[in-house]
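Asks: Here it is, the structure in full.
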Amino acid sequence: NNDKVKISWTHIKKESVFNWVVYMKYGSQWTYEILTNDISSYEAPLESEYKFYSDSGKVQTKKMILTDIAVSAVDRVSNESTLSMHKIK
């Protein structure tokens, strides 16, 4: 499945942004991508596979759906802005 959601953003003080952090929530797990300041959009997969070991020791794979996405700006000394949160429907 190659379905993705594309997000884009801007900042009123773009010159003070050193990096962007895009947070994605799949099921109950958060993951993130750190992007350089010249990037202002991101395509996140709508599904993610989570691998784990069952009680019997077998590798299991569980597909999880993207439920939330958030973006923050980070300045040169690593101060992170408030997250801009969005639910995926």
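Residues in the structure tokens are numbered from 1 in each chain, the chains being A, B, ... in the order shown, and ligands are numbered from 1 in the order shown.
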Give me the residues near Thr36 in chain A as an NGL selection string, where near means some atom within 9 Å (using only C-alpha atoms) and where sequence neighbours in that chain fewer than 4 positions away do not count.
Replies: :A and (17-21 or 40)
Asks: Mind checking which residues fall within 9 Å of Glu49 in chain A, counting only C-alpha atoms, ignoring those fewer than 2 positions away in the same chain, and posting them as a short mmCIF file (atom, residue, chain, number, x, y, z; two decimals) with all heavy atoms, in the first residue's frame?
Replies:
data_model
loop_
_atom_site.label_atom_id
_atom_site.label_comp_id
_atom_site.auth_asym_id
_atom_site.auth_seq_id
_atom_site.Cartn_x
_atom_site.Cartn_y
_atom_site.Cartn_z
N GLU A 47 0.11 3.99 6.38
CA GLU A 47 0.28 2.75 7.15
C GLU A 47 1.75 2.56 7.47
O GLU A 47 2.62 2.95 6.71
CB GLU A 47 -0.19 1.53 6.36
CG GLU A 47 -1.67 1.39 6.22
CD GLU A 47 -2.05 0.09 5.52
OE1 GLU A 47 -1.16 -0.68 5.11
OE2 GLU A 47 -3.25 -0.15 5.38
N LYS A 51 7.19 -4.48 13.74
CA LYS A 51 7.61 -5.86 13.95
C LYS A 51 7.94 -6.07 15.41
O LYS A 51 8.56 -5.23 16.05
CB LYS A 51 8.82 -6.19 13.08
CG LYS A 51 8.48 -6.16 11.60
CD LYS A 51 9.64 -6.59 10.74
CE LYS A 51 9.32 -6.34 9.31
NZ LYS A 51 9.19 -7.42 8.47
N THR A 61 4.24 -9.23 12.56
CA THR A 61 4.14 -7.93 11.92
C THR A 61 2.72 -7.41 12.10
O THR A 61 1.76 -8.14 11.84
CB THR A 61 4.47 -8.02 10.42
OG1 THR A 61 5.79 -8.54 10.28
CG2 THR A 61 4.40 -6.65 9.76
N LYS A 62 2.62 -6.18 12.55
CA LYS A 62 1.31 -5.56 12.73
C LYS A 62 1.29 -4.27 11.92
O LYS A 62 2.22 -3.47 11.99
CB LYS A 62 1.08 -5.26 14.21
CG LYS A 62 -0.26 -4.66 14.52
CD LYS A 62 -0.42 -4.46 16.01
CE LYS A 62 -1.77 -3.87 16.33
NZ LYS A 62 -1.95 -3.65 17.76
N LYS A 63 0.24 -4.08 11.13
CA LYS A 63 0.09 -2.83 10.38
C LYS A 63 -0.64 -1.83 11.25
O LYS A 63 -1.64 -2.16 11.88
CB LYS A 63 -0.67 -3.07 9.09
CG LYS A 63 0.14 -3.79 8.06
CD LYS A 63 -0.55 -3.77 6.72
CE LYS A 63 0.35 -4.50 5.74
NZ LYS A 63 0.10 -4.16 4.38
N MET A 64 -0.13 -0.62 11.28
CA MET A 64 -0.76 0.44 12.06
C MET A 64 -1.07 1.61 11.14
O MET A 64 -0.33 1.89 10.20
CB MET A 64 0.13 0.84 13.22
CG MET A 64 0.36 -0.34 14.15
SD MET A 64 0.98 0.09 15.76
CE MET A 64 2.59 0.68 15.43
N ILE A 65 -2.16 2.30 11.43
CA ILE A 65 -2.66 3.40 10.61
C ILE A 65 -2.21 4.73 11.21
O ILE A 65 -2.22 4.91 12.43
CB ILE A 65 -4.20 3.35 10.55
CG1 ILE A 65 -4.68 1.99 10.03
CG2 ILE A 65 -4.76 4.49 9.70
CD1 ILE A 65 -4.27 1.66 8.63
#
Asks: Hey, which of A:Tyr23, A:Thr10, A:Gln29, A:Asn37 ends up closest to Val74 in chain A? Count only C-alpha atoms.
Replies: A:Asn37
Asks: Enumerate, in order of chain and increasing residue number, the residues of range 33-55 of chain A with an atom no farther than 12 Å from range 67-71 of chain A, each with its shortest atom pair and distance in Å to one decimal, counting only C-alpha atoms, as a tab-separated table.
Replies:
residue	atom	partner	partner_atom	distance
A:Glu33	CA	A:Val71	CA	9.7
A:Ile34	CA	A:Val71	CA	9.9
A:Leu35	CA	A:Val71	CA	10.3
A:Ser40	CA	A:Val71	CA	10.2
A:Ser41	CA	A:Val71	CA	10.1
A:Tyr42	CA	A:Val71	CA	10.0
A:Glu43	CA	A:Ile69	CA	10.8
A:Ala44	CA	A:Ile69	CA	8.7
A:Pro45	CA	A:Thr67	CA	10.9
A:Leu46	CA	A:Thr67	CA	8.3
A:Glu47	CA	A:Thr67	CA	9.5
A:Ser48	CA	A:Thr67	CA	11.0
Asks: Just list the residues in range 40-69 of chain A DSSP gives strand (DSSP E) on the backbone, as a ChimeraX atom specification.
Replies: /A:41-45,47-53,59-69
Asks: Rank A:Phe52, A:Trp9, A:Val22, A:Asn2 by their smallest atom-to-atom distance to Glu80 in chain A, using only C-alpha atoms, and report the top residue only.
Replies: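 Using only C-alpha atoms, the shortest distance to Glu80 in chain A belongs to A:Val22.
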